[in-house]
>>> print(open('entry.cif').read())   # mmCIF, C-alpha atoms
data_input
loop_
_atom_site.label_atom_id
_atom_site.label_comp_id
_atom_site.auth_asym_id
_atom_site.auth_seq_id
_atom_site.Cartn_x
_atom_site.Cartn_y
_atom_site.Cartn_z
CA MET Y 258 -45.14 23.67 54.46
CA THR Y 259 -47.15 26.81 54.03
CA THR Y 260 -49.21 27.79 57.02
CA GLN Y 261 -52.77 26.62 56.51
CA ALA Y 262 -55.84 28.65 57.17
CA GLY Y 263 -56.68 28.48 60.85
CA SER Y 264 -53.41 26.76 61.84
CA SER Y 265 -50.48 28.00 63.89
CA PRO Y 266 -47.01 28.53 62.38
CA ARG Y 267 -45.08 25.27 62.67
CA VAL Y 268 -41.68 25.51 64.37
CA LEU Y 269 -39.15 22.66 64.25
CA ILE Y 270 -36.62 22.65 67.12
CA ILE Y 271 -33.54 20.46 66.59
CA GLU Y 272 -31.86 20.06 69.96
CA ASP Y 273 -30.30 17.00 71.63
CA ASP Y 274 -30.41 18.51 75.14
CA SER Y 275 -33.77 17.17 76.34
CA ILE Y 276 -34.05 19.75 79.16
CA LEU Y 277 -33.42 22.75 76.89
CA GLY Y 278 -35.53 21.23 74.12
CA GLY Y 279 -38.44 20.57 76.48
CA ALA Y 280 -38.28 24.10 77.87
CA LEU Y 281 -38.30 25.60 74.36
CA LEU Y 282 -41.18 23.32 73.37
CA GLN Y 283 -43.34 24.53 76.28
CA ARG Y 284 -42.49 28.22 75.87
CA LEU Y 285 -43.08 28.34 72.12
CA ARG Y 286 -46.38 26.50 72.44
CA LEU Y 287 -47.46 29.13 74.97
CA GLU Y 288 -46.55 31.73 72.34
CA GLY Y 289 -49.05 30.11 69.96
CA PHE Y 290 -46.66 28.08 67.76
CA ALA Y 291 -47.14 24.44 66.76
CA VAL Y 292 -43.80 22.98 67.84
CA GLU Y 293 -42.05 19.71 66.98
CA LEU Y 294 -38.83 18.58 68.67
CA ALA Y 295 -36.11 16.51 66.97
CA ALA Y 296 -33.04 15.21 68.79
CA ASP Y 297 -30.70 14.64 65.83
CA CYS Y 298 -30.22 15.17 62.09
CA ALA Y 299 -32.07 11.99 61.09
CA GLN Y 300 -35.18 12.85 63.11
CA ALA Y 301 -35.11 16.42 61.79
CA VAL Y 302 -34.91 15.34 58.14
CA ARG Y 303 -37.80 12.89 58.63
CA ALA Y 304 -39.87 15.68 60.19
CA MET Y 305 -39.15 18.00 57.23
CA GLN Y 306 -40.00 15.23 54.76
CA ARG Y 307 -43.39 14.77 56.45
CA ALA Y 308 -44.22 18.47 56.35
CA ARG Y 309 -42.20 21.58 55.62
CA PRO Y 310 -41.99 23.70 58.79
CA ASP Y 311 -42.46 27.48 58.83
CA PHE Y 312 -39.33 28.02 60.95
CA VAL Y 313 -36.33 25.88 61.99
CA LEU Y 314 -34.04 26.38 64.99
CA SER Y 315 -31.14 23.92 65.07
CA ASP Y 316 -28.23 23.32 67.41
CA ILE Y 317 -24.97 23.33 65.50
CA ARG Y 318 -23.65 20.20 67.21
CA LEU Y 319 -25.87 17.10 67.02
CA PRO Y 320 -25.23 13.44 67.88
CA ASP Y 321 -25.18 12.32 64.23
CA GLY Y 322 -23.66 15.34 62.51
CA SER Y 323 -22.81 19.02 62.44
CA GLY Y 324 -24.90 22.01 61.47
CA GLU Y 325 -23.35 21.87 58.02
CA ASP Y 326 -24.30 18.20 57.67
CA LEU Y 327 -27.88 19.03 58.61
CA TYR Y 328 -28.04 22.04 56.29
CA ARG Y 329 -26.91 20.02 53.27
CA GLN Y 330 -29.65 17.47 53.89
CA ALA Y 331 -32.31 20.04 54.79
CA LEU Y 332 -31.75 22.54 52.00
CA PRO Y 333 -33.82 20.68 49.38
CA LEU Y 334 -36.71 20.38 51.86
CA LEU Y 335 -36.80 23.90 53.25
CA GLY Y 336 -38.22 25.97 50.40
CA LYS Y 337 -38.44 29.52 51.79
CA THR Y 338 -38.44 28.32 55.41
CA PRO Y 339 -36.11 30.41 57.61
CA ILE Y 340 -33.44 28.43 59.46
CA VAL Y 341 -31.45 29.75 62.42
CA PHE Y 342 -28.57 27.92 64.12
CA ALA Y 343 -27.79 27.99 67.83
CA THR Y 344 -24.08 27.77 68.63
CA ALA Y 345 -21.60 27.93 71.46
CA TYR Y 346 -18.89 30.56 71.10
CA ALA Y 347 -16.34 27.97 69.93
CA ASP Y 348 -18.47 27.13 66.89
CA VAL Y 349 -19.25 30.67 65.72
CA SER Y 350 -17.02 30.27 62.63
CA GLN Y 351 -19.17 27.33 61.44
CA ALA Y 352 -22.32 29.38 62.05
CA VAL Y 353 -20.90 32.24 59.98
CA ARG Y 354 -20.15 29.81 57.13
CA LEU Y 355 -23.72 28.55 57.27
CA VAL Y 356 -25.14 32.08 57.08
CA ARG Y 357 -22.93 32.77 54.08
CA ALA Y 358 -24.27 29.57 52.48
CA GLY Y 359 -27.86 30.75 52.92
CA ALA Y 360 -28.94 30.18 56.55
CA ASP Y 361 -30.91 33.14 57.90
CA ASP Y 362 -29.13 33.83 61.20
CA TYR Y 363 -27.41 32.32 64.23
CA LEU Y 364 -27.78 32.71 67.99
CA THR Y 365 -24.93 32.34 70.49
CA LYS Y 366 -25.68 30.18 73.54
CA PRO Y 367 -26.93 30.95 76.10
CA TYR Y 368 -29.52 33.03 74.26
CA ASP Y 369 -32.52 34.92 75.57
CA VAL Y 370 -35.77 33.05 74.79
CA ASP Y 371 -37.66 36.35 74.44
CA GLU Y 372 -35.14 37.30 71.76
CA LEU Y 373 -35.68 33.92 70.08
CA VAL Y 374 -39.45 34.51 69.98
CA LYS Y 375 -38.85 37.95 68.45
CA THR Y 376 -36.49 36.42 65.86
CA ILE Y 377 -39.09 33.80 64.90
CA ARG Y 378 -41.82 36.42 64.51
CA ASP Y 379 -39.51 38.71 62.50
CA LEU Y 380 -38.46 35.95 60.10
CA LEU Y 381 -41.87 34.36 59.61
CA PRO Y 382 -43.67 35.84 56.58
CA ASN Y 383 -46.62 38.02 57.51
CA GLU Y 384 -48.73 36.09 55.06
CA ALA Y 385 -47.93 32.85 53.33
CA GLU Y 386 -47.33 33.38 49.62
CA PRO Y 387 -50.23 31.83 47.76
CA LEU Y 388 -49.41 28.99 45.45
CA THR Y 389 -51.21 29.22 42.15
CA PRO Y 390 -50.87 27.44 38.83
CA GLU Y 391 -49.36 30.65 37.45
CA THR Y 392 -46.32 30.68 39.78
CA GLY Y 393 -44.24 28.62 37.37
CA GLU Y 394 -44.67 25.09 38.67
CA GLY Y 395 -47.37 24.26 36.12
CA PHE Y 396 -47.39 21.05 34.11
CA GLY Y 397 -47.09 20.31 30.41
CA LEU Y 398 -43.58 21.66 29.81
CA SER Y 399 -42.34 18.22 28.78
CA ALA Y 400 -43.69 14.91 27.51
CA ALA Y 401 -43.54 13.58 31.10
CA THR Y 402 -46.28 15.94 32.27
CA THR Y 403 -48.25 16.70 29.10
CA ALA Y 404 -50.68 13.85 29.79
CA LEU Y 405 -50.94 14.97 33.43
CA ALA Y 406 -51.87 18.51 32.37
CA THR Y 407 -54.57 17.09 30.07
CA ASP Y 408 -55.94 14.87 32.85
CA LEU Y 409 -56.07 17.78 35.32
CA LYS Y 410 -57.97 19.94 32.84
CA ARG Y 411 -60.46 17.14 32.14
CA LEU Y 412 -60.95 16.28 35.83
CA ALA Y 413 -61.50 19.92 36.83
CA SER Y 414 -65.02 19.70 35.40
CA ARG Y 415 -65.67 16.23 36.87
CA ASP Y 416 -66.81 16.72 40.45
CA ILE Y 417 -65.21 13.59 41.92
CA PRO Y 418 -62.49 12.97 44.53
CA VAL Y 419 -58.92 12.82 43.22
CA LEU Y 420 -55.84 11.35 44.90
CA LEU Y 421 -52.48 12.82 43.89
CA ARG Y 422 -49.34 10.73 44.41
CA GLY Y 423 -45.75 11.88 44.23
CA GLU Y 424 -42.58 12.64 46.12
CA THR Y 425 -42.24 15.67 48.39
CA GLY Y 426 -41.85 18.85 46.36
CA VAL Y 427 -43.13 17.62 42.97
CA GLY Y 428 -46.08 20.02 42.94
CA LYS Y 429 -49.03 18.12 44.40
CA GLU Y 430 -50.56 21.30 45.82
CA ILE Y 431 -50.09 23.04 42.48
CA ALA Y 432 -51.99 20.18 40.83
CA ALA Y 433 -54.77 20.50 43.42
CA ARG Y 434 -54.98 24.26 42.88
CA THR Y 435 -55.11 23.65 39.13
CA LEU Y 436 -58.12 21.38 39.61
CA HIS Y 437 -59.75 24.05 41.79
CA SER Y 438 -58.98 27.06 39.58
CA GLN Y 439 -60.36 25.40 36.45
CA SER Y 440 -63.53 24.09 38.11
CA ARG Y 441 -66.92 25.64 38.81
CA ARG Y 442 -65.71 26.04 42.42
CA SER Y 443 -62.91 28.46 41.45
CA HIS Y 444 -64.55 31.45 43.20
CA GLN Y 445 -65.06 29.47 46.41
CA PRO Y 446 -62.41 28.83 49.11
CA PHE Y 447 -59.41 26.57 48.58
CA VAL Y 448 -58.42 25.25 52.03
CA ALA Y 449 -55.07 23.43 52.27
CA VAL Y 450 -54.46 21.18 55.26
CA ASN Y 451 -51.33 19.18 56.02
CA CYS Y 452 -52.70 16.15 57.85
CA GLY Y 453 -49.34 15.38 59.47
CA ALA Y 454 -48.99 18.87 60.94
CA VAL Y 455 -52.26 19.14 62.88
CA PRO Y 456 -51.65 18.21 66.56
CA SER Y 457 -53.62 15.06 67.45
CA GLU Y 458 -55.32 16.75 70.41
CA LEU Y 459 -56.66 19.49 68.11
CA MET Y 460 -57.62 17.37 65.10
CA GLU Y 461 -61.36 17.07 65.72
CA SER Y 462 -61.68 20.76 66.56
CA GLN Y 463 -59.61 21.78 63.52
CA PHE Y 464 -61.62 19.65 61.08
CA PHE Y 465 -65.15 19.90 62.52
CA GLY Y 466 -65.00 23.12 64.53
CA HIS Y 467 -66.51 23.49 68.00
CA GLU Y 468 -69.23 25.36 69.84
CA ARG Y 469 -68.50 27.84 72.57
CA GLY Y 470 -68.13 26.01 75.89
CA ALA Y 471 -67.72 22.60 74.23
CA PHE Y 472 -64.56 22.02 76.30
CA THR Y 473 -62.21 23.91 78.59
CA GLY Y 474 -60.73 26.84 76.68
CA ALA Y 475 -63.46 26.92 74.01
CA THR Y 476 -64.35 30.56 74.64
CA ALA Y 477 -65.87 31.13 71.21
CA THR Y 478 -67.47 29.16 68.39
CA HIS Y 479 -64.86 27.95 65.90
CA ALA Y 480 -65.43 26.94 62.27
CA GLY Y 481 -63.39 23.93 61.21
CA PHE Y 482 -61.83 23.04 57.87
CA PHE Y 483 -65.02 21.45 56.49
CA GLU Y 484 -67.04 24.55 57.30
CA GLU Y 485 -64.33 26.93 55.99
CA THR Y 486 -64.30 25.06 52.68
CA GLY Y 487 -68.02 25.53 52.09
CA THR Y 488 -68.62 24.62 48.46
CA GLY Y 489 -64.95 25.07 47.58
CA THR Y 490 -62.07 22.56 47.60
CA LEU Y 491 -60.54 20.93 50.66
CA PHE Y 492 -56.97 19.80 49.91
CA LEU Y 493 -55.78 17.11 52.33
CA ASP Y 494 -52.01 16.87 51.91
CA GLU Y 495 -50.11 13.88 53.31
CA ILE Y 496 -53.37 11.99 53.83
CA GLY Y 497 -51.39 8.95 54.95
CA GLU Y 498 -50.54 10.83 58.16
CA LEU Y 499 -54.19 11.25 59.13
CA ASP Y 500 -54.99 10.03 62.63
CA ALA Y 501 -57.04 6.79 62.77
CA ARG Y 502 -59.99 8.54 64.49
CA LEU Y 503 -60.09 11.19 61.80
CA GLN Y 504 -59.97 8.55 59.07
CA ILE Y 505 -63.27 7.17 60.36
CA ALA Y 506 -64.76 10.65 60.71
CA LEU Y 507 -63.65 11.67 57.21
CA LEU Y 508 -65.16 8.50 55.76
CA ARG Y 509 -68.50 9.40 57.38
CA VAL Y 510 -68.39 12.92 55.93
CA LEU Y 511 -67.65 11.51 52.47
CA GLN Y 512 -70.50 9.01 52.77
CA ASP Y 513 -73.14 11.26 54.35
CA GLY Y 514 -72.06 14.76 53.28
CA ALA Y 515 -72.76 15.99 56.81
CA PHE Y 516 -70.96 16.70 60.09
CA ARG Y 517 -71.41 18.40 63.47
CA ARG Y 518 -69.21 20.80 65.37
CA ILE Y 519 -67.87 19.47 68.68
CA GLY Y 520 -70.52 20.22 71.27
CA GLY Y 521 -73.08 21.03 68.58
CA ARG Y 522 -76.46 19.50 67.85
CA GLN Y 523 -77.06 21.00 64.42
CA GLU Y 524 -76.05 18.88 61.46
CA LEU Y 525 -74.07 20.89 58.89
CA GLN Y 526 -73.76 19.99 55.22
CA PHE Y 527 -70.42 19.56 53.48
CA ASP Y 528 -70.79 20.28 49.76
CA GLY Y 529 -67.12 20.80 48.98
CA ARG Y 530 -64.78 18.74 46.85
CA ILE Y 531 -61.96 16.76 48.46
CA VAL Y 532 -58.59 16.40 46.77
CA ALA Y 533 -56.06 14.31 48.71
CA ALA Y 534 -52.32 13.87 48.23
CA THR Y 535 -49.61 11.60 49.57
CA ASN Y 536 -45.95 10.74 49.19
CA ALA Y 537 -46.50 7.48 51.06
CA ASP Y 538 -47.32 4.04 49.71
CA LEU Y 539 -50.94 3.80 50.84
CA SER Y 540 -51.21 0.14 49.83
CA GLU Y 541 -48.38 -0.62 52.26
CA LEU Y 542 -50.10 1.41 54.99
CA ILE Y 543 -53.32 -0.48 54.29
CA SER Y 544 -51.54 -3.83 54.58
CA ARG Y 545 -50.15 -2.70 57.97
CA ARG Y 546 -53.64 -1.54 58.99
CA GLN Y 547 -52.47 2.03 59.36
CA PHE Y 548 -54.83 3.35 56.70
CA ARG Y 549 -58.43 2.33 56.03
CA GLU Y 550 -59.00 0.57 52.72
CA ASP Y 551 -62.59 1.85 52.48
CA LEU Y 552 -61.36 5.43 52.90
CA TYR Y 553 -58.73 4.87 50.21
CA PHE Y 554 -61.38 3.77 47.71
CA ARG Y 555 -63.50 6.82 48.57
CA LEU Y 556 -60.57 9.22 48.04
CA ALA Y 557 -58.98 7.56 45.02
CA VAL Y 558 -61.90 7.57 42.58
CA VAL Y 559 -59.21 8.89 40.22
CA GLU Y 560 -55.54 8.53 41.13
CA LEU Y 561 -52.84 10.61 39.40
CA ARG Y 562 -49.08 10.27 39.78
CA ILE Y 563 -46.95 13.39 39.51
CA PRO Y 564 -43.46 12.53 38.19
CA ALA Y 565 -40.33 13.47 40.10
CA LEU Y 566 -38.26 16.28 38.59
CA ARG Y 567 -35.50 13.83 37.65
CA GLU Y 568 -38.08 12.24 35.31
CA ARG Y 569 -38.82 15.64 33.73
CA LEU Y 570 -35.33 16.94 32.98
CA ASP Y 571 -36.63 18.89 29.98
CA GLU Y 572 -38.48 21.07 32.49
CA VAL Y 573 -35.48 21.97 34.69
CA LEU Y 574 -34.12 24.88 32.65
CA PRO Y 575 -37.52 26.40 31.73
CA LEU Y 576 -38.61 26.22 35.38
CA ALA Y 577 -35.31 27.67 36.60
CA GLN Y 578 -35.70 30.57 34.18
CA ARG Y 579 -39.28 31.19 35.31
CA PHE Y 580 -38.27 31.18 38.97
CA ALA Y 581 -35.40 33.55 38.23
CA GLN Y 582 -37.76 35.97 36.45
CA GLN Y 583 -40.33 35.83 39.27
CA SER Y 584 -37.75 36.23 42.02
CA ALA Y 585 -35.99 39.09 40.23
CA LYS Y 586 -39.33 40.89 39.82
CA ARG Y 587 -40.17 40.52 43.52
CA GLN Y 588 -36.72 41.71 44.61
CA GLY Y 589 -36.52 44.56 42.10
CA LEU Y 590 -33.49 43.04 40.38
CA SER Y 591 -32.47 42.47 36.78
CA VAL Y 592 -33.22 38.97 35.53
CA PRO Y 593 -29.94 37.00 35.78
CA VAL Y 594 -28.47 34.66 33.19
CA PHE Y 595 -27.26 31.13 34.00
CA ASP Y 596 -23.73 30.52 32.71
CA ASP Y 597 -22.59 27.19 31.23
CA SER Y 598 -21.49 25.77 34.59
CA ALA Y 599 -24.87 26.65 36.16
CA THR Y 600 -26.76 25.08 33.26
CA ALA Y 601 -24.64 21.94 33.48
CA ALA Y 602 -25.09 21.69 37.24
CA LEU Y 603 -28.86 22.17 36.98
CA LEU Y 604 -29.13 19.36 34.44
CA ALA Y 605 -26.79 17.00 36.29
CA HIS Y 606 -28.27 17.40 39.78
CA ALA Y 607 -30.46 14.55 41.06
CA TRP Y 608 -33.10 16.94 42.55
CA PRO Y 609 -34.07 14.95 45.64
CA GLY Y 610 -36.22 17.92 46.72
CA ASN Y 611 -37.84 18.17 43.27
CA VAL Y 612 -39.42 21.44 42.03
CA ARG Y 613 -39.44 22.91 45.53
CA GLU Y 614 -35.66 22.48 45.78
CA LEU Y 615 -35.15 24.02 42.32
CA ARG Y 616 -37.17 27.09 43.21
CA ASN Y 617 -35.38 27.42 46.54
CA ARG Y 618 -31.92 27.21 44.99
CA VAL Y 619 -32.71 29.80 42.32
CA GLU Y 620 -34.24 32.25 44.80
CA ARG Y 621 -31.35 31.90 47.26
CA ALA Y 622 -28.83 32.39 44.44
CA LEU Y 623 -30.52 35.64 43.39
CA ALA Y 624 -30.78 36.92 46.94
CA LEU Y 625 -27.09 36.31 47.71
CA SER Y 626 -25.49 37.26 44.40
CA ASP Y 627 -24.66 40.71 43.05
CA GLU Y 628 -23.65 39.34 39.66
CA PRO Y 629 -25.88 39.37 36.54
CA LEU Y 630 -24.41 35.98 35.58
CA LEU Y 631 -25.10 33.07 37.94
CA ASP Y 632 -22.63 30.18 38.03
CA ALA Y 633 -22.91 26.75 39.62
CA SER Y 634 -21.39 27.91 42.92
CA ALA Y 635 -24.30 30.36 43.37
CA LEU Y 636 -26.82 27.53 42.99
CA PHE Y 637 -24.89 24.84 44.88
CA PRO Y 638 -22.86 26.63 47.59
CA GLU Y 639 -22.69 23.50 49.74
CA MET Y 640 -20.66 21.54 47.19
CA THR Y 641 -16.92 21.54 46.56
CA LEU Y 642 -16.77 23.25 43.21
CA ASP Y 643 -13.27 22.51 41.91
CA TRP Y 644 -15.00 20.86 38.97
CA LEU Y 645 -16.13 24.26 37.69
CA GLU Y 646 -12.77 24.78 36.02
CA VAL Y 647 -13.36 22.87 32.82
CA PRO Y 648 -10.24 22.78 30.60
CA ASP Y 649 -12.00 22.92 27.23
CA GLY Y 650 -14.60 25.45 28.42
CA SER Y 651 -17.37 23.54 26.64
CA LEU Y 652 -20.89 23.02 27.93
CA ALA Y 653 -20.51 19.27 27.35
CA GLY Y 654 -17.36 19.22 29.47
CA ALA Y 655 -19.02 21.27 32.20
CA ARG Y 656 -22.01 18.98 32.25
CA GLU Y 657 -19.83 15.86 32.53
CA GLN Y 658 -17.91 17.39 35.42
CA ALA Y 659 -21.15 18.46 37.10
CA GLU Y 660 -22.56 14.96 36.66
CA LEU Y 661 -19.46 13.43 38.22
CA ALA Y 662 -19.71 15.87 41.15
CA SER Y 663 -23.35 14.86 41.71
CA ILE Y 664 -22.39 11.17 41.69
CA GLU Y 665 -19.54 11.73 44.14
CA ARG Y 666 -21.81 13.79 46.38
CA ALA Y 667 -24.49 11.08 46.38
CA LEU Y 668 -21.85 8.49 47.31
CA GLU Y 669 -20.62 10.72 50.13
CA LEU Y 670 -24.14 11.19 51.52
CA SER Y 671 -24.73 7.43 51.21
CA GLY Y 672 -21.57 6.46 53.09
CA GLY Y 673 -20.07 4.93 49.97
CA ARG Y 674 -23.00 2.53 49.48
CA LEU Y 675 -23.48 2.22 45.72
CA GLY Y 676 -27.09 1.03 45.90
CA GLU Y 677 -28.15 3.87 48.20
CA ALA Y 678 -26.35 6.46 46.01
CA ALA Y 679 -28.08 5.06 42.91
CA ARG Y 680 -31.46 5.36 44.64
CA ARG Y 681 -30.74 9.02 45.50
CA LEU Y 682 -29.87 9.72 41.87
CA GLY Y 683 -32.85 7.81 40.47
CA ILE Y 684 -30.70 5.44 38.37
CA SER Y 685 -29.71 1.79 38.59
CA ARG Y 686 -26.65 0.60 40.49
CA THR Y 687 -25.09 -0.66 37.23
CA THR Y 688 -25.68 2.64 35.44
CA LEU Y 689 -24.09 4.57 38.30
CA TRP Y 690 -21.01 2.33 38.33
CA LYS Y 691 -20.53 2.51 34.56
CA ARG Y 692 -21.15 6.26 34.38
CA ARG Y 693 -18.77 7.02 37.23
CA LYS Y 694 -16.07 4.86 35.64
CA SER Y 695 -16.55 6.62 32.29
CA LEU Y 696 -16.47 10.15 33.76
CA ARG Y 697 -13.34 9.52 35.89
CA ARG Y 698 -11.17 8.56 32.92
#
>>> encode(input="entry.cif", output="structure tokens")
Amino acid sequence: MTTQAGSSPRVLIIEDDSILGGALLQRLRLEGFAVELAADCAQAVRAMQRARPDFVLSDIRLPDGSGEDLYRQALPLLGKTPIVFATAYADVSQAVRLVRAGADDYLTKPYDVDELVKTIRDLLPNEAEPLTPETGEGFGLSAATTALATDLKRLASRDIPVLLRGETGVGKEIAARTLHSQSRRSHQPFVAVNCGAVPSELMESQFFGHERGAFTGATATHAGFFEETGTGTLFLDEIGELDARLQIALLRVLQDGAFRRIGGRQELQFDGRIVAATNADLSELISRRQFREDLYFRLAVVELRIPALRERLDEVLPLAQRFAQQSAKRQGLSVPVFDDSATAALLAHAWPGNVRELRNRVERALALSDEPLLDASALFPEMTLDWLEVPDGSLAGAREQAELASIERALELSGGRLGEAARRLGISRTTLWKRRKSLRR
């Protein structure tokens, strides 16, 4: 996740030692960070799926896997997020391998917490890179998103709420920014809020603001998200994570167009546009009474689905080339060329992390490679790449080998369960079985 206006950098600590984890949680919160604690790989991955953190610190030994296991699962979800591993001396070799594969650093236990705080501040970007429709994740590069691009352009001039649906990393914020940039509100603020990342105890203050003296610690008047937005666009990402109290409050703002700061008597007008997004099944949440149906109907006046990248394969290579050009420009490098093995691997990969994963892989490859020609190993360092040696040297052969490697990797991550591997790859169980059989001949 990118750090939102008015919010603290979000730090994810992955540590199974509850005493050490609790101590880090308290210290980092005192330093002004929003901290979440996960005790194993599974909890950590779920946390990253809910909202991308701004920094990750992970123990290298966890109850359900190693640092390398975690890194393979986390890589598609991290984007540009720095990740640092904490290791005992005996595991330093694994930490070194992880740094070579793209992790940012490692700390040897016992480490100095002051040094950890300094490391976090050094690795956090000074300012989150703004996401705009011009950064390369735009829509309309294939038939799968041509209609979406048309709908976004049409809806930009229609001042109604829009709900964007899609998996993590497909570009929901890009779609929201497209709506904003092409609307009459384009010169007003665009405020992005991840509803799952705002601490529950701060939610009302963050959304509505508060008056000085409204509660202990309120030493100054604070403008909340509604007030910051003004007549601009308020983007509510992961709306399904919104606290039940805030669902009621948001519904009232949508109905009345007015709100009050905490501790305030003056009624303030909200004239902004709300665009919401989710990767959750809101109908399922409604059936479990975890999301208000009346709020859903208010937010989803128009509902748009953004396809996963595996449904837009024609866009993979153009997007990869755009990201390579942008990254090379930022780093002062020559624009690299993808060789046949890289092209084959890009087309064969299942892209569970969608466009965000694609951008991350390209940028990491450029940062870690000195070669003008990028091969598959630069883009997929976590995979066993024996398949890169293709006897006939053809692109078709490379692609088939890359496809087989992706299938085998999905099976490995799924514990050999064919149905789960097929779900990861976005194909049917029968198709996976037949394709694997054909490629292994």
>>> residues_near_point(input="entry.cif", point="(-18.9, 19.2, 69.7)", cutoff="12 Å", atoms="all atoms listed in the file", output="JSON, numbers by chain")
{"Y": [273, 316, 317, 318, 319, 320, 321, 322, 323, 324, 344, 345, 346, 347, 348, 351]}
>>> closest_residue(input="entry.cif", among="Y:Arg522, Y:Arg309, Y:Leu355, Y:Arg303", to="Tyr328 in chain Y", atoms="all atoms listed in the file")
Y:Leu355
>>> axis_aligned_box(input="entry.cif", around="range 316-329 of chain Y", padding_each_side="5 Å", output="JSON")
{"center_x": -25.5, "center_y": 17.8, "center_z": 60.6, "size_x": 15.4, "size_y": 21.0, "size_z": 24.6}
>>> closest_residue(input="entry.cif", among="Y:Lys366, Y:Arg530, Y:His479, Y:Arg329", to="Gln445 in chain Y", atoms="only C-alpha atoms")
Y:Arg530
>>> resolve_selection(input="entry.cif", expression="the PyMOL selection byres ((chain Y and resi 599) around 8)", output="PyMOL selection string")
chain Y and resi 595-598+600-603+631-634+636
>>> atom_distance(input="entry.cif", atom1="CA of Arg518 in chain Y", atom2="CA of Gly466 in chain Y")
4.9 Å
>>> resolve_selection(input="entry.cif", expression="the PyMOL selection byres ((chain Y and resi 364) around 9)", output="ChimeraX atom specification")
/Y:341-345,352,362-363,365-368,373
>>> closest_atom_pairs(input="entry.cif", of="range 445-564 of chain Y", to="range 281-299 of chain Y", cutoff="10 Å", atoms="only C-alpha atoms", output="CSV")
residue,atom,partner,partner_atom,distance
Y:Ala454,CA,Y:Ala291,CA,8.3
Y:Val455,CA,Y:Ala291,CA,8.3
Y:Pro456,CA,Y:Ala291,CA,7.7
>>> atom_distance(input="entry.cif", atom1="CA of Arg616 in chain Y", atom2="CA of Phe580 in chain Y")
6.0 Å
>>> resolve_selection(input="entry.cif", expression="the PyMOL selection byres ((chain Y and resi 330) around 10)", output="PyMOL selection string")
chain Y and resi 298-299+301-302+325-329+331-335+609-610+670
>>> atom_distance(input="entry.cif", atom1="CA of Leu269 in chain Y", atom2="CA of Glu372 in chain Y")
16.9 Å
>>> closest_residue(input="entry.cif", among="Y:Leu409, Y:Gln582, Y:Glu677, Y:Leu420", to="Leu552 in chain Y", atoms="all atoms listed in the file")
Y:Leu420
>>> residues_near_point(input="entry.cif", point="(-22.5, 42.0, 34.9)", cutoff="12 Å", atoms="all atoms listed in the file", output="VMD selection string")
chain Y and resid 591 to 596 626 to 631
>>> closest_residue(input="entry.cif", among="Y:Glu560, Y:Glu614, Y:Asp371, Y:Glu550", to="Leu576 in chain Y", atoms="all atoms listed in the file")
Y:Glu614
>>> residues_around(input="entry.cif", residues="Ala401 in chain Y", least_positions_apart="2", cutoff="9 Å", atoms="all atoms listed in the file", output="mmCIF file with C-alpha atoms, in the coordinates of the input")
data_model
loop_
_atom_site.group_PDB
_atom_site.id
_atom_site.type_symbol
_atom_site.label_atom_id
_atom_site.label_comp_id
_atom_site.auth_asym_id
_atom_site.auth_seq_id
_atom_site.Cartn_x
_atom_site.Cartn_y
_atom_site.Cartn_z
ATOM 1 C CA PHE Y 396 -47.390 21.050 34.110
ATOM 2 C CA GLY Y 397 -47.090 20.310 30.410
ATOM 3 C CA LEU Y 398 -43.580 21.660 29.810
ATOM 4 C CA SER Y 399 -42.340 18.220 28.780
ATOM 5 C CA THR Y 403 -48.250 16.700 29.100
ATOM 6 C CA ALA Y 404 -50.680 13.850 29.790
ATOM 7 C CA LEU Y 405 -50.940 14.970 33.430
ATOM 8 C CA PRO Y 564 -43.460 12.530 38.190
ATOM 9 C CA GLU Y 568 -38.080 12.240 35.310
ATOM 10 C CA ARG Y 569 -38.820 15.640 33.730
ATOM 11 C CA ASP Y 571 -36.630 18.890 29.980
#
>>> decode(input="entry.cif", residues="range 500-506 of chain Y", atoms="N, CA and C atoms", output="mmCIF file, in the first residue's frame")
data_model
loop_
_atom_site.group_PDB
_atom_site.id
_atom_site.type_symbol
_atom_site.label_atom_id
_atom_site.label_comp_id
_atom_site.auth_asym_id
_atom_site.auth_seq_id
_atom_site.Cartn_x
_atom_site.Cartn_y
_atom_site.Cartn_z
ATOM 1 N N ASP Y 500 -14.831 -0.735 9.227
ATOM 2 C CA ASP Y 500 -15.427 -1.034 10.519
ATOM 3 C C ASP Y 500 -16.949 -0.768 10.485
ATOM 4 N N ALA Y 501 -17.707 -1.583 11.224
ATOM 5 C CA ALA Y 501 -19.173 -1.485 11.204
ATOM 6 C C ALA Y 501 -19.655 -0.090 11.601
ATOM 7 N N ARG Y 502 -19.007 0.536 12.604
ATOM 8 C CA ARG Y 502 -19.412 1.885 13.022
ATOM 9 C C ARG Y 502 -19.223 2.889 11.897
ATOM 10 N N LEU Y 503 -18.093 2.739 11.186
ATOM 11 C CA LEU Y 503 -17.823 3.671 10.093
ATOM 12 C C LEU Y 503 -18.741 3.429 8.904
ATOM 13 N N GLN Y 504 -19.222 2.197 8.725
ATOM 14 C CA GLN Y 504 -20.182 1.943 7.656
ATOM 15 C C GLN Y 504 -21.443 2.781 7.864
ATOM 16 N N ILE Y 505 -21.918 2.821 9.105
ATOM 17 C CA ILE Y 505 -23.101 3.627 9.415
ATOM 18 C C ILE Y 505 -22.817 5.107 9.189
ATOM 19 N N ALA Y 506 -21.653 5.551 9.674
ATOM 20 C CA ALA Y 506 -21.295 6.965 9.548
ATOM 21 C C ALA Y 506 -21.132 7.366 8.086
#
